[in-house]
Amino acid sequence: MKVSEHILGSFVFSTITYLATKSLLAAAACFLSGILIDIDHIIDFGRLYGFNLYGLKKLVYASQEDEKAKSKHNFKKIYLFLHSIELACLLWITALWLANIYLIAAVIGYTGHLILDCIGNREDLKFYLFFYRARNKFSAKKLFKRWRRKKMMDED
Ligand SMILES: [Zn+2]
């Protein structure tokens with residue numbers, strides 16, 4: 001999803017969090033976590049284009065592209081360490097166990113981001129399972145639907 005869509009989504013989640021908690025700090029934690037989860041893209045873009053200004057520029061442009069335009073990046077590996085349903089579950093358990101309103105708010109933003117990615121990026125839900133990606137050796141060819149679609153079209 002585009003970063004602008006995540007900003008809008010995070011604004012909605014943080015507004016709901018504010019209405020439920022009356023805490024600006026909790027709303028801010030929700031808003032920021034819903035956006036900052038995407039910093040893990042730095043690793044994948046850095047590996048592809050270099051950990052330099054050029055790689056950063058590619059990442060910034062890609063954050064404004066739709067999914068079709070993003071398919072031009074030829075990732076060999078896709079890690080996305082923070083895009084993980086398992087991590088979301090661990091964070092929920094921790095936040096609820098600690099009963100910390102700010103941590104719970106941050107996990108709401110994080111989970112909201114994952115849900116929006118699951119809906120908007122049109123990948124299989126299992127793509128967002130870290131262990132599924134690890135089992136496939138983080139191979140973009142094995143993980144991305146668009147690679148499979150292209151392969152099917154090539155075989156026809
Ligand atoms: Zn994301």
# chains A, B, ... in the order shown; residues from 1 in each chain; ligands from 1
call {"tool": "closest_atom_pairs", "arguments": {"of": "chain A", "to": "ligand 1", "cutoff": "10 Å", "atoms": "only C-alpha atoms and all ligand atoms", "output": "JSON lines"}}
result
{"residue": "A:Met1", "atom": "CA", "partner": "ligand 1", "partner_atom_place_in_ligand_line": "1 (Zn)", "distance": 6.7}
{"residue": "A:Lys2", "atom": "CA", "partner": "ligand 1", "partner_atom_place_in_ligand_line": "1 (Zn)", "distance": 8.6}
{"residue": "A:Val3", "atom": "CA", "partner": "ligand 1", "partner_atom_place_in_ligand_line": "1 (Zn)", "distance": 8.4}
{"residue": "A:His6", "atom": "CA", "partner": "ligand 1", "partner_atom_place_in_ligand_line": "1 (Zn)", "distance": 7.9}
{"residue": "A:Gly34", "atom": "CA", "partner": "ligand 1", "partner_atom_place_in_ligand_line": "1 (Zn)", "distance": 8.6}
{"residue": "A:Ile35", "atom": "CA", "partner": "ligand 1", "partner_atom_place_in_ligand_line": "1 (Zn)", "distance": 7.9}
{"residue": "A:Leu36", "atom": "CA", "partner": "ligand 1", "partner_atom_place_in_ligand_line": "1 (Zn)", "distance": 8.8}
{"residue": "A:Ile37", "atom": "CA", "partner": "ligand 1", "partner_atom_place_in_ligand_line": "1 (Zn)", "distance": 6.4}
{"residue": "A:Asp38", "atom": "CA", "partner": "ligand 1", "partner_atom_place_in_ligand_line": "1 (Zn)", "distance": 4.9}
{"residue": "A:Ile39", "atom": "CA", "partner": "ligand 1", "partner_atom_place_in_ligand_line": "1 (Zn)", "distance": 8.6}
{"residue": "A:Asp40", "atom": "CA", "partner": "ligand 1", "partner_atom_place_in_ligand_line": "1 (Zn)", "distance": 8.6}
{"residue": "A:His41", "atom": "CA", "partner": "ligand 1", "partner_atom_place_in_ligand_line": "1 (Zn)", "distance": 8.2}
{"residue": "A:Ser63", "atom": "CA", "partner": "ligand 1", "partner_atom_place_in_ligand_line": "1 (Zn)", "distance": 9.6}
{"residue": "A:Leu80", "atom": "CA", "partner": "ligand 1", "partner_atom_place_in_ligand_line": "1 (Zn)", "distance": 8.4}
{"residue": "A:Leu82", "atom": "CA", "partner": "ligand 1", "partner_atom_place_in_ligand_line": "1 (Zn)", "distance": 8.5}
{"residue": "A:His83", "atom": "CA", "partner": "ligand 1", "partner_atom_place_in_ligand_line": "1 (Zn)", "distance": 6.5}
{"residue": "A:Ser84", "atom": "CA", "partner": "ligand 1", "partner_atom_place_in_ligand_line": "1 (Zn)", "distance": 9.9}
{"residue": "A:Tyr110", "atom": "CA", "partner": "ligand 1", "partner_atom_place_in_ligand_line": "1 (Zn)", "distance": 9.3}
{"residue": "A:Gly112", "atom": "CA", "partner": "ligand 1", "partner_atom_place_in_ligand_line": "1 (Zn)", "distance": 9.9}
{"residue": "A:His113", "atom": "CA", "partner": "ligand 1", "partner_atom_place_in_ligand_line": "1 (Zn)", "distance": 6.2}
{"residue": "A:Leu114", "atom": "CA", "partner": "ligand 1", "partner_atom_place_in_ligand_line": "1 (Zn)", "distance": 6.4}
{"residue": "A:Ile115", "atom": "CA", "partner": "ligand 1", "partner_atom_place_in_ligand_line": "1 (Zn)", "distance": 9.2}
{"residue": "A:Leu116", "atom": "CA", "partner": "ligand 1", "partner_atom_place_in_ligand_line": "1 (Zn)", "distance": 8.0}
{"residue": "A:Asp117", "atom": "CA", "partner": "ligand 1", "partner_atom_place_in_ligand_line": "1 (Zn)", "distance": 5.5}
{"residue": "A:Cys118", "atom": "CA", "partner": "ligand 1", "partner_atom_place_in_ligand_line": "1 (Zn)", "distance": 8.8}
{"residue": "A:Gly120", "atom": "CA", "partner": "ligand 1", "partner_atom_place_in_ligand_line": "1 (Zn)", "distance": 9.7}
{"residue": "A:Asn121", "atom": "CA", "partner": "ligand 1", "partner_atom_place_in_ligand_line": "1 (Zn)", "distance": 8.8}
{"residue": "A:Tyr128", "atom": "CA", "partner": "ligand 1", "partner_atom_place_in_ligand_line": "1 (Zn)", "distance": 9.9}
call {"tool": "write_last_selection", "arguments": {"atoms": "C-alpha atoms", "output": "PDB file, in the first residue's frame"}}
result
ATOM      1  CA  MET A   1       0.000   0.000   0.000  1.00  0.00           C
ATOM      2  CA  LYS A   2       1.040   3.577  -0.515  1.00  0.00           C
ATOM      3  CA  VAL A   3       2.390   5.455   2.496  1.00  0.00           C
ATOM      4  CA  HIS A   6      -1.197   4.049   5.669  1.00  0.00           C
ATOM      5  CA  GLY A  34       0.909   2.188  12.098  1.00  0.00           C
ATOM      6  CA  ILE A  35       3.390   3.972   9.870  1.00  0.00           C
ATOM      7  CA  LEU A  36       6.805   3.045  11.266  1.00  0.00           C
ATOM      8  CA  ILE A  37       6.262  -0.691  10.695  1.00  0.00           C
ATOM      9  CA  ASP A  38       7.233   0.026   7.082  1.00  0.00           C
ATOM     10  CA  ILE A  39      10.822   0.865   8.067  1.00  0.00           C
ATOM     11  CA  ASP A  40      11.610  -2.804   7.463  1.00  0.00           C
ATOM     12  CA  HIS A  41      11.356  -2.039   3.729  1.00  0.00           C
ATOM     13  CA  SER A  63       6.221   4.257  -1.069  1.00  0.00           C
ATOM     14  CA  LEU A  80       9.919  -7.619   5.868  1.00  0.00           C
ATOM     15  CA  LEU A  82       8.142  -6.360  10.975  1.00  0.00           C
ATOM     16  CA  HIS A  83       5.304  -7.498   8.703  1.00  0.00           C
ATOM     17  CA  SER A  84       4.563 -10.570  10.753  1.00  0.00           C
ATOM     18  CA  TYR A 110       0.659  -2.096  14.143  1.00  0.00           C
ATOM     19  CA  GLY A 112      -4.206  -2.035  11.682  1.00  0.00           C
ATOM     20  CA  HIS A 113      -1.263  -1.615   9.318  1.00  0.00           C
ATOM     21  CA  LEU A 114      -0.988  -5.383   8.828  1.00  0.00           C
ATOM     22  CA  ILE A 115      -4.737  -5.675   8.149  1.00  0.00           C
ATOM     23  CA  LEU A 116      -4.581  -2.854   5.589  1.00  0.00           C
ATOM     24  CA  ASP A 117      -1.585  -4.520   3.897  1.00  0.00           C
ATOM     25  CA  CYS A 118      -3.399  -7.870   3.815  1.00  0.00           C
ATOM     26  CA  GLY A 120      -4.637  -3.712  -0.057  1.00  0.00           C
ATOM     27  CA  ASN A 121      -1.608  -5.654  -1.262  1.00  0.00           C
ATOM     28  CA  TYR A 128       2.346 -12.156   6.320  1.00  0.00           C
TER      29      TYR A 128
END
call {"tool": "closest_residue", "arguments": {"among": "A:Leu19, A:Leu59, A:Ala105, A:Leu91", "to": "Phe31 (chain A)", "atoms": "only C-alpha atoms"}}
result
A:Ala105
call {"tool": "atom_distance", "arguments": {"atom1": "CA of Val107 (chain A)", "atom2": "CA of Leu90 (chain A)"}}
result
9.9 Å
call {"tool": "residues_around", "arguments": {"residues": "Ile42 (chain A)", "least_positions_apart": "5", "cutoff": "12 Å", "atoms": "only C-alpha atoms", "output": "list in words"}}
result
Leu36, Ile37, Arg47, Leu48, Tyr49, Gly50, Phe51, Asn52, Leu53, Tyr54, Gly55, Leu56, Lys57, Lys58, Leu59, Val60, Ala62, Ser63, Ile78, Tyr79, Leu80, Phe81 and Leu82 of chain A
call {"tool": "closest_atom_pairs", "arguments": {"of": "region 25-134 of chain A", "to": "region 15-18 of chain A", "cutoff": "12 Å", "atoms": "only C-alpha atoms", "output": "CSV"}}
result
residue,atom,partner,partner_atom,distance
A:Leu25,CA,A:Tyr18,CA,8.6
A:Ala26,CA,A:Tyr18,CA,6.9
A:Ala27,CA,A:Tyr18,CA,5.1
A:Ala28,CA,A:Tyr18,CA,8.7
A:Ala29,CA,A:Thr17,CA,9.6
A:Cys30,CA,A:Thr17,CA,7.3
A:Phe31,CA,A:Thr15,CA,8.7
A:Ile101,CA,A:Thr17,CA,9.9
A:Tyr102,CA,A:Thr17,CA,10.0
A:Leu103,CA,A:Thr17,CA,11.8
A:Ile104,CA,A:Thr17,CA,9.6
A:Ala105,CA,A:Thr17,CA,6.7
A:Ala106,CA,A:Thr17,CA,9.7
A:Val107,CA,A:Thr17,CA,11.0
A:Ile108,CA,A:Thr17,CA,8.2
A:Gly109,CA,A:Thr17,CA,9.1
A:Gly112,CA,A:Thr17,CA,11.6
call {"tool": "write_last_selection", "arguments": {"atoms": "C-alpha atoms", "output": "CSV table (one decimal), in the first residue's frame"}}
result
chain,number,residue,atom,x,y,z
A,25,LEU,CA,-0.1,9.9,23.9
A,26,ALA,CA,-1.9,6.6,23.2
A,27,ALA,CA,-3.3,8.0,20.0
A,28,ALA,CA,0.2,9.2,18.9
A,29,ALA,CA,1.6,5.7,19.8
A,30,CYS,CA,-1.1,4.1,17.6
A,31,PHE,CA,-0.5,6.6,14.7
A,101,ILE,CA,-2.4,1.4,27.5
A,102,TYR,CA,0.3,3.0,25.3
A,103,LEU,CA,1.7,-0.4,24.3
A,104,ILE,CA,-1.9,-1.6,23.5
A,105,ALA,CA,-2.4,1.5,21.4
A,106,ALA,CA,0.8,0.9,19.5
A,107,VAL,CA,-0.2,-2.7,18.9
A,108,ILE,CA,-3.6,-1.5,17.6
A,109,GLY,CA,-1.7,0.7,15.0
A,112,GLY,CA,-4.2,-2.0,11.7
